[in-house]
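**Student:** Just one file: entry.tsv, with TSV, C-alpha atoms.
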```
chain	number	residue	atom	x	y	z
A	75	MET	CA	23.83	-78.25	-124.11
A	76	LEU	CA	20.18	-77.19	-124.39
A	77	ALA	CA	19.14	-80.20	-122.33
A	78	TYR	CA	20.89	-78.78	-119.26
A	79	ILE	CA	17.94	-76.55	-118.52
A	80	ASP	CA	15.74	-79.32	-117.10
A	81	LYS	CA	18.47	-80.29	-114.71
A	82	ILE	CA	19.11	-76.65	-113.76
A	83	LYS	CA	15.42	-76.19	-112.98
A	84	GLU	CA	15.23	-79.44	-111.05
A	85	ILE	CA	18.24	-78.60	-108.88
A	86	SER	CA	17.05	-75.00	-108.31
A	87	ASN	CA	13.62	-76.25	-107.33
A	88	ARG	CA	15.07	-78.70	-104.84
A	89	LEU	CA	17.45	-76.14	-103.32
A	90	LEU	CA	14.71	-73.53	-102.88
A	91	LYS	CA	12.15	-75.98	-101.52
A	92	GLU	CA	14.57	-77.50	-99.03
A	93	GLY	CA	15.55	-74.00	-97.98
A	94	LYS	CA	19.21	-74.63	-98.71
A	95	VAL	CA	19.44	-71.32	-100.54
A	96	ASP	CA	17.55	-68.01	-100.44
A	97	MET	CA	17.87	-67.47	-104.15
A	98	VAL	CA	19.26	-68.98	-107.31
A	99	ILE	CA	21.07	-66.88	-109.87
A	100	GLY	CA	20.70	-68.04	-113.46
A	101	PHE	CA	19.67	-66.73	-116.85
A	102	ARG	CA	16.37	-65.75	-118.38
A	103	LYS	CA	15.55	-64.81	-121.93
A	104	GLY	CA	16.54	-61.26	-122.80
A	105	THR	CA	14.30	-58.73	-124.48
A	106	VAL	CA	16.35	-58.84	-127.67
A	107	PRO	CA	17.88	-61.91	-129.34
A	108	MET	CA	21.27	-63.16	-128.14
A	109	MET	CA	21.08	-61.10	-124.95
A	110	ASN	CA	20.09	-63.40	-122.13
A	111	GLU	CA	20.03	-61.59	-118.84
A	112	PRO	CA	20.77	-62.58	-115.26
A	113	CYS	CA	17.78	-63.76	-113.30
A	114	PHE	CA	17.44	-63.91	-109.52
A	115	VAL	CA	14.86	-66.49	-108.51
A	116	LYS	CA	13.59	-66.55	-104.94
A	117	THR	CA	10.48	-68.72	-105.18
A	118	PRO	CA	9.98	-72.10	-106.89
A	119	GLU	CA	7.21	-70.58	-109.08
A	120	ASP	CA	9.68	-68.31	-110.84
A	121	ILE	CA	12.00	-71.13	-111.81
A	122	GLU	CA	10.18	-71.43	-115.15
A	123	ASN	CA	11.91	-68.20	-116.23
A	124	PHE	CA	15.29	-69.90	-116.35
A	125	VAL	CA	16.78	-70.64	-119.76
A	126	TRP	CA	20.03	-72.13	-120.96
A	127	ASP	CA	21.47	-71.76	-124.45
A	128	SER	CA	24.53	-70.31	-126.16
A	129	ASN	CA	23.66	-66.74	-125.20
A	130	CYS	CA	24.48	-67.08	-121.52
A	131	GLY	CA	27.85	-65.39	-121.80
A	132	ILE	CA	27.42	-62.94	-118.94
A	133	ASN	CA	29.63	-63.85	-116.00
A	134	LEU	CA	27.28	-64.46	-113.06
A	135	ALA	CA	30.06	-64.27	-110.46
A	136	ASN	CA	29.63	-60.53	-110.94
A	137	TYR	CA	26.41	-60.69	-108.90
A	138	LEU	CA	27.90	-62.35	-105.82
A	139	THR	CA	29.98	-59.48	-104.53
A	140	ASN	CA	29.38	-58.85	-100.81
A	141	ARG	CA	26.11	-60.81	-100.78
A	142	LYS	CA	24.94	-61.92	-97.36
A	143	GLU	CA	22.31	-64.55	-98.17
A	144	LYS	CA	22.70	-68.15	-99.23
A	145	ILE	CA	22.90	-68.37	-102.97
A	146	GLY	CA	22.61	-71.07	-105.59
A	147	ILE	CA	24.48	-70.02	-108.69
A	148	VAL	CA	24.62	-71.43	-112.19
A	149	ALA	CA	28.26	-71.51	-113.23
A	150	LYS	CA	30.08	-72.25	-116.46
A	151	GLY	CA	33.81	-72.99	-116.42
A	152	CYS	CA	34.76	-69.32	-116.45
A	153	ASP	CA	32.09	-68.32	-113.91
A	154	SER	CA	33.37	-70.98	-111.54
A	155	ARG	CA	36.89	-69.63	-111.81
A	156	ASN	CA	35.64	-66.17	-110.99
A	157	ILE	CA	33.73	-67.58	-108.03
A	158	VAL	CA	37.04	-69.03	-106.80
A	159	THR	CA	38.62	-65.60	-107.23
A	160	HIS	CA	35.74	-64.02	-105.32
A	161	VAL	CA	36.16	-66.49	-102.43
A	162	ILE	CA	39.94	-65.90	-102.36
A	163	GLU	CA	39.37	-62.14	-102.27
A	164	ASN	CA	36.79	-62.45	-99.46
A	165	LYS	CA	33.92	-61.11	-101.55
A	166	ILE	CA	31.76	-64.11	-100.70
A	167	LYS	CA	32.09	-67.14	-98.44
A	168	ARG	CA	32.28	-70.59	-99.97
A	169	ASP	CA	29.70	-71.97	-97.52
A	170	GLN	CA	27.16	-69.36	-98.65
A	171	LEU	CA	27.16	-70.90	-102.08
A	172	VAL	CA	25.68	-73.90	-103.79
A	173	ILE	CA	27.36	-73.96	-107.17
A	174	ILE	CA	25.37	-75.54	-109.97
A	175	GLY	CA	28.13	-76.40	-112.43
A	176	VAL	CA	27.41	-76.33	-116.15
A	177	PRO	CA	29.91	-77.88	-118.57
A	178	CYS	CA	30.08	-75.41	-121.43
A	179	LYS	CA	30.89	-75.65	-125.10
A	180	GLY	CA	31.20	-71.96	-125.67
A	181	MET	CA	28.93	-68.99	-126.09
A	182	ILE	CA	28.12	-67.28	-129.37
A	183	ASP	CA	29.41	-63.85	-130.22
A	184	ARG	CA	26.57	-61.48	-131.03
A	185	HIS	CA	29.00	-58.97	-132.54
A	186	LYS	CA	30.11	-61.57	-135.10
A	187	ILE	CA	26.55	-62.47	-136.08
A	188	GLU	CA	25.44	-58.86	-136.25
A	189	ALA	CA	28.40	-58.08	-138.51
A	190	ILE	CA	27.50	-60.81	-141.02
A	191	PHE	CA	23.78	-60.19	-140.91
A	192	GLU	CA	22.51	-57.27	-142.98
A	193	THR	CA	19.12	-56.60	-141.43
A	194	GLU	CA	17.87	-56.37	-137.89
A	195	ILE	CA	17.96	-59.73	-136.16
A	196	GLN	CA	14.56	-60.79	-134.91
A	197	ASP	CA	15.13	-64.28	-133.67
A	198	VAL	CA	17.98	-66.66	-133.05
A	199	VAL	CA	17.30	-70.36	-132.66
A	200	GLU	CA	19.72	-73.09	-131.76
A	201	ALA	CA	19.67	-76.70	-132.87
A	202	ASP	CA	22.61	-78.99	-132.08
A	203	ASP	CA	25.63	-77.20	-133.41
A	204	LYS	CA	23.72	-74.93	-135.75
A	205	ILE	CA	22.60	-71.38	-135.11
A	206	ILE	CA	19.65	-70.20	-137.18
A	207	VAL	CA	19.34	-66.44	-137.38
A	208	LYS	CA	16.11	-64.86	-138.59
A	209	GLY	CA	15.65	-61.32	-139.77
A	210	GLN	CA	13.12	-59.52	-141.93
A	211	GLY	CA	12.46	-61.95	-144.81
A	212	LEU	CA	15.85	-63.49	-144.29
A	213	GLU	CA	17.15	-66.60	-142.64
A	214	LYS	CA	20.71	-67.80	-142.28
A	215	THR	CA	22.23	-70.82	-140.67
A	216	PHE	CA	25.65	-70.68	-139.07
A	217	SER	CA	27.79	-73.38	-137.64
A	218	LYS	CA	28.21	-72.62	-133.95
A	219	LYS	CA	31.97	-73.00	-134.05
A	220	ASP	CA	32.20	-70.18	-136.60
A	221	VAL	CA	30.42	-67.66	-134.41
A	222	LEU	CA	31.88	-68.54	-131.01
A	223	GLN	CA	33.20	-65.75	-128.81
A	224	ASP	CA	36.95	-65.45	-129.36
A	225	ASN	CA	37.71	-66.40	-125.78
A	226	CYS	CA	35.41	-69.45	-125.94
A	227	ALA	CA	37.16	-70.71	-129.06
A	228	LEU	CA	40.41	-70.62	-127.07
A	229	CYS	CA	38.97	-71.87	-123.77
A	230	ILE	CA	40.80	-74.65	-121.94
A	231	HIS	CA	38.60	-74.73	-118.83
A	232	ARG	CA	35.13	-75.48	-120.12
A	233	ASN	CA	34.16	-77.55	-117.12
A	234	PRO	CA	33.56	-75.85	-113.78
A	235	VAL	CA	36.61	-76.11	-111.53
A	236	ILE	CA	34.45	-75.96	-108.41
A	237	TYR	CA	30.84	-77.10	-107.98
A	238	ASP	CA	28.37	-78.80	-105.69
A	239	GLU	CA	26.14	-80.24	-108.37
A	240	LEU	CA	26.85	-80.82	-112.02
A	241	VAL	CA	24.03	-80.65	-114.57
A	242	GLY	CA	25.63	-82.98	-117.10
A	243	GLU	CA	28.65	-85.07	-117.95
A	244	PRO	CA	31.85	-83.00	-118.16
A	245	VAL	CA	32.66	-82.02	-121.73
A	246	GLU	CA	35.98	-82.74	-123.37
A	247	GLU	CA	38.49	-79.95	-122.78
A	248	GLN	CA	40.13	-78.39	-125.82
A	249	LYS	CA	43.79	-79.26	-126.09
A	250	ASP	CA	46.83	-78.07	-128.03
A	251	LEU	CA	45.41	-74.61	-128.64
A	252	ASP	CA	47.64	-71.70	-129.46
A	253	ARG	CA	46.00	-69.30	-127.05
A	254	TYR	CA	48.23	-66.29	-127.52
A	255	GLU	CA	48.78	-65.93	-131.24
A	256	ASP	CA	47.25	-62.44	-131.26
A	257	VAL	CA	49.27	-61.25	-128.26
A	258	ARG	CA	52.49	-62.46	-129.86
A	259	LYS	CA	51.59	-60.58	-133.01
A	260	ILE	CA	51.42	-57.33	-131.03
A	261	GLU	CA	54.60	-58.18	-129.12
A	262	SER	CA	56.52	-58.45	-132.38
A	263	MET	CA	55.49	-54.95	-133.49
A	264	SER	CA	57.69	-51.87	-133.16
A	265	PRO	CA	56.74	-49.34	-130.45
A	266	GLU	CA	55.21	-47.09	-133.11
A	267	GLU	CA	53.09	-49.88	-134.54
A	268	LYS	CA	51.99	-50.94	-131.08
A	269	TRP	CA	50.92	-47.42	-130.27
A	270	ARG	CA	48.95	-47.16	-133.49
A	271	TYR	CA	47.42	-50.60	-133.00
A	272	PHE	CA	45.90	-49.62	-129.64
A	273	ASP	CA	44.95	-46.18	-130.91
A	274	ASP	CA	43.02	-47.90	-133.64
A	275	LEU	CA	41.55	-50.47	-131.29
A	276	LEU	CA	40.17	-47.81	-128.95
A	277	SER	CA	39.19	-45.24	-131.55
A	278	THR	CA	35.49	-46.09	-131.19
A	279	CYS	CA	35.42	-46.26	-127.38
A	280	ILE	CA	32.69	-44.06	-125.90
A	281	ARG	CA	33.77	-44.54	-122.27
A	282	CYS	CA	30.46	-46.11	-121.28
A	283	TYR	CA	32.27	-48.43	-118.83
A	284	ALA	CA	30.12	-51.39	-119.85
A	285	CYS	CA	33.30	-53.51	-119.88
A	286	ARG	CA	34.01	-52.56	-116.30
A	287	ASN	CA	30.45	-53.11	-115.14
A	288	ALA	CA	30.25	-56.55	-116.74
A	289	CYS	CA	33.54	-57.61	-115.17
A	290	PRO	CA	33.30	-59.69	-111.98
A	291	LEU	CA	36.70	-58.37	-110.91
A	292	CYS	CA	35.63	-54.73	-111.03
A	293	TYR	CA	33.89	-54.49	-107.69
A	294	CYS	CA	35.68	-51.51	-106.11
A	295	PRO	CA	33.16	-49.32	-104.22
A	296	THR	CA	34.47	-46.35	-106.19
A	297	CYS	CA	36.28	-47.06	-109.42
A	298	PHE	CA	39.41	-45.00	-110.08
A	299	VAL	CA	37.75	-43.42	-113.10
A	300	ASP	CA	34.82	-42.19	-111.02
A	301	GLU	CA	36.98	-40.77	-108.27
A	302	SER	CA	37.13	-36.97	-108.36
A	303	ARG	CA	39.26	-36.22	-105.29
A	304	PRO	CA	41.86	-36.81	-106.51
A	305	GLN	CA	40.92	-37.22	-110.12
A	306	TRP	CA	43.25	-39.93	-111.41
A	307	VAL	CA	42.17	-39.80	-115.00
A	308	GLY	CA	40.33	-37.35	-117.23
A	309	LYS	CA	36.69	-38.06	-117.84
A	310	SER	CA	36.62	-36.96	-121.46
A	311	ILE	CA	36.94	-39.17	-124.52
A	312	ASP	CA	40.38	-37.75	-125.13
A	313	PRO	CA	42.32	-40.72	-126.60
A	314	ILE	CA	44.90	-40.54	-123.82
A	315	ASP	CA	42.24	-40.66	-121.11
A	316	THR	CA	40.53	-43.54	-122.84
A	317	ARG	CA	43.78	-45.42	-123.09
A	318	THR	CA	44.63	-44.74	-119.47
A	319	PHE	CA	41.30	-46.17	-118.41
A	320	HIS	CA	41.69	-49.33	-120.47
A	321	PHE	CA	45.23	-50.16	-119.56
A	322	LEU	CA	44.83	-49.34	-115.88
A	323	ARG	CA	41.71	-51.46	-115.72
A	324	ALA	CA	43.66	-54.27	-117.32
A	325	TYR	CA	46.36	-53.89	-114.66
A	326	HIS	CA	43.78	-54.13	-111.92
A	327	CYS	CA	42.82	-57.48	-113.41
A	328	ALA	CA	46.37	-58.82	-113.63
A	329	GLY	CA	46.60	-62.31	-112.20
A	330	ARG	CA	42.84	-62.31	-111.62
A	331	CYS	CA	41.41	-62.26	-115.12
A	332	THR	CA	39.99	-65.61	-116.24
A	333	ASP	CA	39.45	-64.46	-119.84
A	334	CYS	CA	35.69	-65.00	-119.48
A	335	GLY	CA	35.07	-62.47	-122.23
A	336	ALA	CA	32.34	-60.57	-120.35
A	337	CYS	CA	34.02	-57.23	-121.11
A	338	GLU	CA	34.20	-57.85	-124.80
A	339	ARG	CA	30.68	-59.20	-124.91
A	340	ALA	CA	29.32	-56.13	-123.13
A	341	CYS	CA	31.04	-53.60	-125.37
A	342	PRO	CA	28.42	-51.83	-127.49
A	343	MET	CA	31.09	-50.79	-129.99
A	344	GLY	CA	32.59	-54.24	-130.46
A	345	ILE	CA	36.03	-53.27	-129.17
A	346	LYS	CA	38.36	-56.18	-128.48
A	347	VAL	CA	38.91	-55.18	-124.87
A	348	ARG	CA	40.57	-58.51	-124.16
A	349	MET	CA	43.67	-57.45	-126.07
A	350	PHE	CA	44.70	-55.57	-122.93
A	351	THR	CA	43.91	-58.20	-120.31
A	352	LYS	CA	45.22	-61.06	-122.40
A	353	LYS	CA	48.77	-59.77	-122.43
A	354	LEU	CA	48.77	-59.74	-118.63
A	355	GLU	CA	47.19	-63.17	-118.55
A	356	LYS	CA	49.98	-64.46	-120.78
A	357	ASP	CA	52.65	-62.81	-118.64
A	358	CYS	CA	51.19	-64.34	-115.49
A	359	LEU	CA	51.30	-67.76	-117.06
A	360	GLU	CA	54.85	-67.35	-118.30
A	361	LEU	CA	56.35	-65.59	-115.29
A	362	PHE	CA	54.43	-67.20	-112.43
A	363	ASP	CA	52.97	-70.32	-114.03
A	364	TRP	CA	49.62	-69.01	-112.87
A	365	GLU	CA	46.12	-69.27	-114.22
A	366	ALA	CA	43.53	-67.40	-112.20
A	367	GLY	CA	40.73	-69.10	-110.33
A	368	LEU	CA	41.77	-72.72	-110.54
A	369	THR	CA	42.21	-73.45	-106.85
A	370	LEU	CA	41.14	-72.17	-103.45
A	371	GLU	CA	44.35	-73.47	-101.90
A	372	GLU	CA	46.87	-71.10	-103.41
A	373	ARG	CA	47.23	-67.32	-103.13
A	374	PRO	CA	47.56	-65.40	-106.41
A	375	PRO	CA	51.09	-64.34	-107.41
A	376	LEU	CA	50.41	-60.64	-106.93
A	377	ASP	CA	49.58	-60.96	-103.24
A	378	THR	CA	52.41	-63.27	-102.28
A	379	TYR	CA	56.14	-62.81	-102.16
A	380	ARG	CA	58.53	-65.51	-103.21
A	381	PRO	CA	62.30	-65.02	-103.18
A	382	ASP	CA	62.48	-66.37	-106.71
A	383	ASP	CA	59.90	-63.96	-108.14
A	384	PRO	CA	61.14	-62.71	-111.51
A	385	ASP	CA	62.74	-59.27	-111.07
A	386	ASP	CA	64.94	-58.78	-114.11
A	387	PHE	CA	63.26	-55.45	-114.84
A	388	ILE	CA	64.59	-53.90	-111.60
A	389	LYS	CA	68.10	-52.57	-112.12
B	1417	MET	CA	53.63	-50.04	-120.89
B	1418	GLU	CA	55.94	-51.32	-123.60
B	1419	HIS	CA	53.20	-53.58	-124.87
B	1420	MET	CA	51.01	-50.64	-125.69
B	1421	GLY	CA	53.71	-48.66	-127.44
B	1422	ILE	CA	55.98	-46.89	-124.94
B	1423	GLU	CA	59.58	-47.28	-126.18
B	1424	PRO	CA	61.78	-49.72	-124.25
B	1425	GLY	CA	64.21	-47.65	-122.21
B	1426	ARG	CA	61.78	-44.90	-121.28
B	1427	LEU	CA	60.52	-46.59	-118.16
B	1428	HIS	CA	63.03	-47.71	-115.53
B	1429	PHE	CA	62.74	-49.58	-112.28
B	1430	SER	CA	65.40	-49.59	-109.62
B	1431	TRP	CA	65.80	-50.59	-106.01
B	1432	ILE	CA	68.17	-48.31	-104.13
B	1433	SER	CA	68.71	-48.27	-100.39
B	1434	SER	CA	68.94	-44.88	-98.68
B	1435	ALA	CA	72.57	-45.77	-97.92
B	1436	GLU	CA	73.48	-46.32	-101.55
B	1437	ALA	CA	74.26	-42.77	-102.60
B	1438	THR	CA	76.64	-43.73	-105.38
B	1439	LYS	CA	74.20	-46.23	-106.85
B	1440	PHE	CA	71.54	-43.52	-106.80
B	1441	VAL	CA	73.79	-41.16	-108.75
B	1442	ASP	CA	74.71	-43.88	-111.24
B	1443	VAL	CA	71.09	-44.82	-111.81
B	1444	VAL	CA	69.98	-41.22	-112.28
B	1445	ASN	CA	72.76	-40.67	-114.80
B	1446	GLU	CA	71.90	-43.84	-116.65
B	1447	VAL	CA	68.20	-43.03	-116.76
B	1448	THR	CA	68.70	-39.48	-117.98
B	1449	ALA	CA	71.16	-40.65	-120.63
B	1450	ALA	CA	68.78	-43.36	-121.84
B	1451	VAL	CA	65.78	-41.07	-121.95
B	1452	LYS	CA	67.70	-38.25	-123.64
B	1453	ALA	CA	68.82	-40.70	-126.29
B	1454	LEU	CA	65.21	-41.54	-127.01
B	1455	GLY	CA	64.24	-37.90	-127.38
B	1456	PRO	CA	61.02	-36.24	-126.25
B	1457	ASN	CA	58.06	-38.48	-125.54
B	1458	LYS	CA	55.51	-38.24	-128.33
B	1459	ASN	CA	53.08	-40.92	-127.23
B	1460	PHE	CA	51.00	-41.02	-124.09
B	1461	LEU	CA	51.12	-37.30	-123.81
B	1462	LYS	CA	48.02	-35.30	-123.08
B	1463	THR	CA	48.00	-31.90	-124.65
B	1464	GLU	CA	45.53	-29.19	-123.73
B	1465	ALA	CA	41.93	-30.28	-124.16
B	1466	ARG	CA	41.04	-30.00	-127.79
B	1467	VAL	CA	38.04	-27.83	-128.53
B	1468	ALA	CA	35.84	-29.28	-131.24
```
Would you mind writing the file out in structure tokens?
**Tutor:**
Amino acid sequence: MLAYIDKIKEISNRLLKEGKVDMVIGFRKGTVPMMNEPCFVKTPEDIENFVWDSNCGINLANYLTNRKEKIGIVAKGCDSRNIVTHVIENKIKRDQLVIIGVPCKGMIDRHKIEAIFETEIQDVVEADDKIIVKGQGLEKTFSKKDVLQDNCALCIHRNPVIYDELVGEPVEEQKDLDRYEDVRKIESMSPEEKWRYFDDLLSTCIRCYACRNACPLCYCPTCFVDESRPQWVGKSIDPIDTRTFHFLRAYHCAGRCTDCGACERACPMGIKVRMFTKKLEKDCLELFDWEAGLTLEERPPLDTYRPDDPDDFIK
Amino acid sequence: MEHMGIEPGRLHFSWISSAEATKFVDVVNEVTAAVKALGPNKNFLKTEARVA
């Protein structure tokens, strides 16, 4: 996976030099470990900044919204699905893009590593499938599969679904995964338990909206939580307001969410934000046989009408 | 809504044409009966802002 970077640089260099794109969006090293940040490269000299490792979990499709120039974009499986969603929703044109596809074996979860590690983490190095974490006078080695982001461990679309160039051989897709064990667990609870479960889940939320800002689907010019005329939802950290924000945001992502995990990754409090979106993702799969962002040819279930749409809930 | 802890039977959906007066009455009666049976809503209820 680390070897992809040479290919990414080579392709970016070619695209910029030939003038096929005005900029390439990729990743550069972040200022703290495990926090690679998006990088917009406009000249071949800056290409050296690009990196690729298991800390590139941010969804780059987020940076395409309403762009006018020609863009080369580095895309993992989930990014590519969000690019498809962006094209379908007219947020960017397909012919503006050169998609540099990156087969992905999952990104590591900084929350997990921070939880196991007692001191401040100073450096994180990757070698094959091992993650070596260094802190003050301390060094630990983890197996990558133990510290994967939850959504990556359950990912069934690791290879980009849409691309113009691929930086390496496609990786083997994971099969026979039980993707919704956690959702089913909540479904089997009583209403009281469900209520308490989500109360608990959100008890640490500080309403920073990092989840929304990291999400490529959340591109509304004014988000419903920021609206003040009318004010749809209270701006305090009253538990009811917090819950309203989270479940309404999840609804806005229904049939669009690709479970890229950007929301959960961005959360400074380590809240499992995906527990909201995942239920809707599961419902979409079961009711409409739909997974978001797989094809440009088909409209999503929530903006089409079919006479056989499930409607048992309407009496 | 049910997934996050609202009791089944509190939220109802219905499609009633403006010409279906009797259906409207039936639905309203059904909904009120179902909701009364559940009792007052305790969850998802915002009380006055709490002062710390």
**Student:** Taking only C-alpha atoms into account and nothing else, which residues of chain A lie no more than 6 Å away from chain B? Please answer as a list of chain:residue names.
**Tutor:** A:Pro265, A:Lys268, A:Trp269, A:Ile388, A:Lys389
**Student:** To one decimal place, how far is CA of Cys229 (chain A) from CA of Asp250 (chain A) in Å?
**Tutor:**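 Interatomic distance here is 10.9 Å.
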**Student:** Find the residues near region 276-285 of chain A: any atom within 9 Å, counting all atoms listed in the file, skip ones fewer than 5 places away on the same chain, and give them as number ranges by chain.
**Tutor:** A: 271, 309-311, 313, 316-317, 319-320, 336-347
**Student:** Please report the interatomic distance between CA of Ile132 (chain A) and CA of Gly151 (chain A) in Å with one decimal.
**Tutor:**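 Taking CA of Ile132 (chain A) as the start and CA of Gly151 (chain A) as the end point, the length is 12.2 Å.
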**Student:** In Å, with one decimal, what is the gap from CA of Arg141 (chain A) to CA of Lys165 (chain A)?
**Tutor:** 7.9 Å
**Student:** Could you name the residues that touch region 85-99 of chain A at 6 Å or less, counting all atoms listed in the file, but leaving out those on the same chain fewer than 6 positions away, as a ChimeraX atom specification?
**Tutor:** /A:113-116,118,144-147
**Student:** Here's a test: counting all atoms listed in the file, identify every protein, DNA and RNA residue with an atom at most 10 Å from (20.1, -71.2, -131.5) in the file's coordinate frame, and state them as a list in words.
**Tutor:** Leu76, Pro107, Met108, Asp127, Ser128, Asn129, Ile182, Asp197, Val198, Val199, Glu200, Ala201, Asp202, Asp203, Lys204, Ile205, Ile206, Val207, Thr215, Phe216 and Lys218 of chain A
**Student:** Keeping C-alpha atoms for every residue in the selection just given, could you write it to a file as a CSV table (one decimal), in the frame of the given file?
**Tutor:**
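That gives us selection07.csv:
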```csv
chain,number,residue,atom,x,y,z
A,76,LEU,CA,20.2,-77.2,-124.4
A,107,PRO,CA,17.9,-61.9,-129.3
A,108,MET,CA,21.3,-63.2,-128.1
A,127,ASP,CA,21.5,-71.8,-124.4
A,128,SER,CA,24.5,-70.3,-126.2
A,129,ASN,CA,23.7,-66.7,-125.2
A,182,ILE,CA,28.1,-67.3,-129.4
A,197,ASP,CA,15.1,-64.3,-133.7
A,198,VAL,CA,18.0,-66.7,-133.0
A,199,VAL,CA,17.3,-70.4,-132.7
A,200,GLU,CA,19.7,-73.1,-131.8
A,201,ALA,CA,19.7,-76.7,-132.9
A,202,ASP,CA,22.6,-79.0,-132.1
A,203,ASP,CA,25.6,-77.2,-133.4
A,204,LYS,CA,23.7,-74.9,-135.8
A,205,ILE,CA,22.6,-71.4,-135.1
A,206,ILE,CA,19.6,-70.2,-137.2
A,207,VAL,CA,19.3,-66.4,-137.4
A,215,THR,CA,22.2,-70.8,-140.7
A,216,PHE,CA,25.6,-70.7,-139.1
A,218,LYS,CA,28.2,-72.6,-134.0
```
**Student:** Within 9 Å of Asn123 (chain A), counting only C-alpha atoms, which residues qualify if same-chain residues fewer than 3 places away don't, as an mmCIF file with C-alpha atoms, keeping the file's coordinate frame?
**Tutor:**
```
data_model
loop_
_atom_site.group_PDB
_atom_site.id
_atom_site.type_symbol
_atom_site.label_atom_id
_atom_site.label_comp_id
_atom_site.auth_asym_id
_atom_site.auth_seq_id
_atom_site.Cartn_x
_atom_site.Cartn_y
_atom_site.Cartn_z
ATOM 1 C CA PHE A 101 19.670 -66.730 -116.850
ATOM 2 C CA ARG A 102 16.370 -65.750 -118.380
ATOM 3 C CA LYS A 103 15.550 -64.810 -121.930
ATOM 4 C CA CYS A 113 17.780 -63.760 -113.300
ATOM 5 C CA VAL A 115 14.860 -66.490 -108.510
ATOM 6 C CA GLU A 119 7.210 -70.580 -109.080
ATOM 7 C CA ASP A 120 9.680 -68.310 -110.840
#
```
**Student:** What's around Gly1425 (chain B) at 12 Å? Count all atoms listed in the file, leave out sequence neighbours fewer than 5 positions away in its own chain, and write the answer as a list of chain:residue names.
**Tutor:**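 Residues near the query, excluding close chain neighbours: A:Pro265, A:Phe387, A:Lys389, B:Met1417, B:Glu1418, B:Glu1446, B:Val1447, B:Thr1448, B:Ala1449, B:Ala1450, B:Val1451, B:Lys1452, B:Ala1453, B:Leu1454, B:Gly1455, B:Asn1457.
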**Student:** So that I can check the surroundings of Gln223 (chain A), please list as a PDB file with C-alpha atoms, in the coordinates of the input every protein, DNA and RNA residue that reaches within 9 Å of it, counting all atoms listed in the file and ignoring chain neighbours fewer than 6 positions away.
**Tutor:**
```pdb
ATOM      1  CA  GLY A 131      27.850 -65.390-121.800  1.00  0.00           C
ATOM      2  CA  GLY A 180      31.200 -71.960-125.670  1.00  0.00           C
ATOM      3  CA  MET A 181      28.930 -68.990-126.090  1.00  0.00           C
ATOM      4  CA  ILE A 182      28.120 -67.280-129.370  1.00  0.00           C
ATOM      5  CA  ASP A 183      29.410 -63.850-130.220  1.00  0.00           C
ATOM      6  CA  ARG A 184      26.570 -61.480-131.030  1.00  0.00           C
ATOM      7  CA  HIS A 185      29.000 -58.970-132.540  1.00  0.00           C
ATOM      8  CA  LYS A 186      30.110 -61.570-135.100  1.00  0.00           C
ATOM      9  CA  GLY A 335      35.070 -62.470-122.230  1.00  0.00           C
ATOM     10  CA  GLU A 338      34.200 -57.850-124.800  1.00  0.00           C
ATOM     11  CA  ARG A 339      30.680 -59.200-124.910  1.00  0.00           C
TER      12      ARG A 339
END
```
**Student:** Go through A:Lys167, A:Arg155, A:Lys214, A:Arg286 one by one, measure the shortest atom-to-atom distance of each to His231 (chain A) using all atoms listed in the file, and give the residue with the smallest value.
**Tutor:** A:Arg155
**Student:** Using only C-alpha atoms, find the one residue out of A:Leu291, A:Val176, A:Cys334, A:Val257 that sits nearest to Ile236 (chain A).
**Tutor:**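 Under the stated criterion, the closest residue is A:Val176.
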**Student:** Let me make sure I understand: among A:Lys81, A:Lys259, A:Arg270, A:Arg232, which one has the smallest atom-to-atom distance to Asp333 (chain A) if we use all atoms listed in the file?
**Tutor:**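 Closest to Asp333 (chain A), using all atoms listed in the file: A:Arg232.
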**Student:** Which residue, A:Asp252, A:Asp273, A:Asp300, A:Asp383, has the smallest gap to Asp312 (chain A) when you use only C-alpha atoms?
**Tutor:** A:Asp273
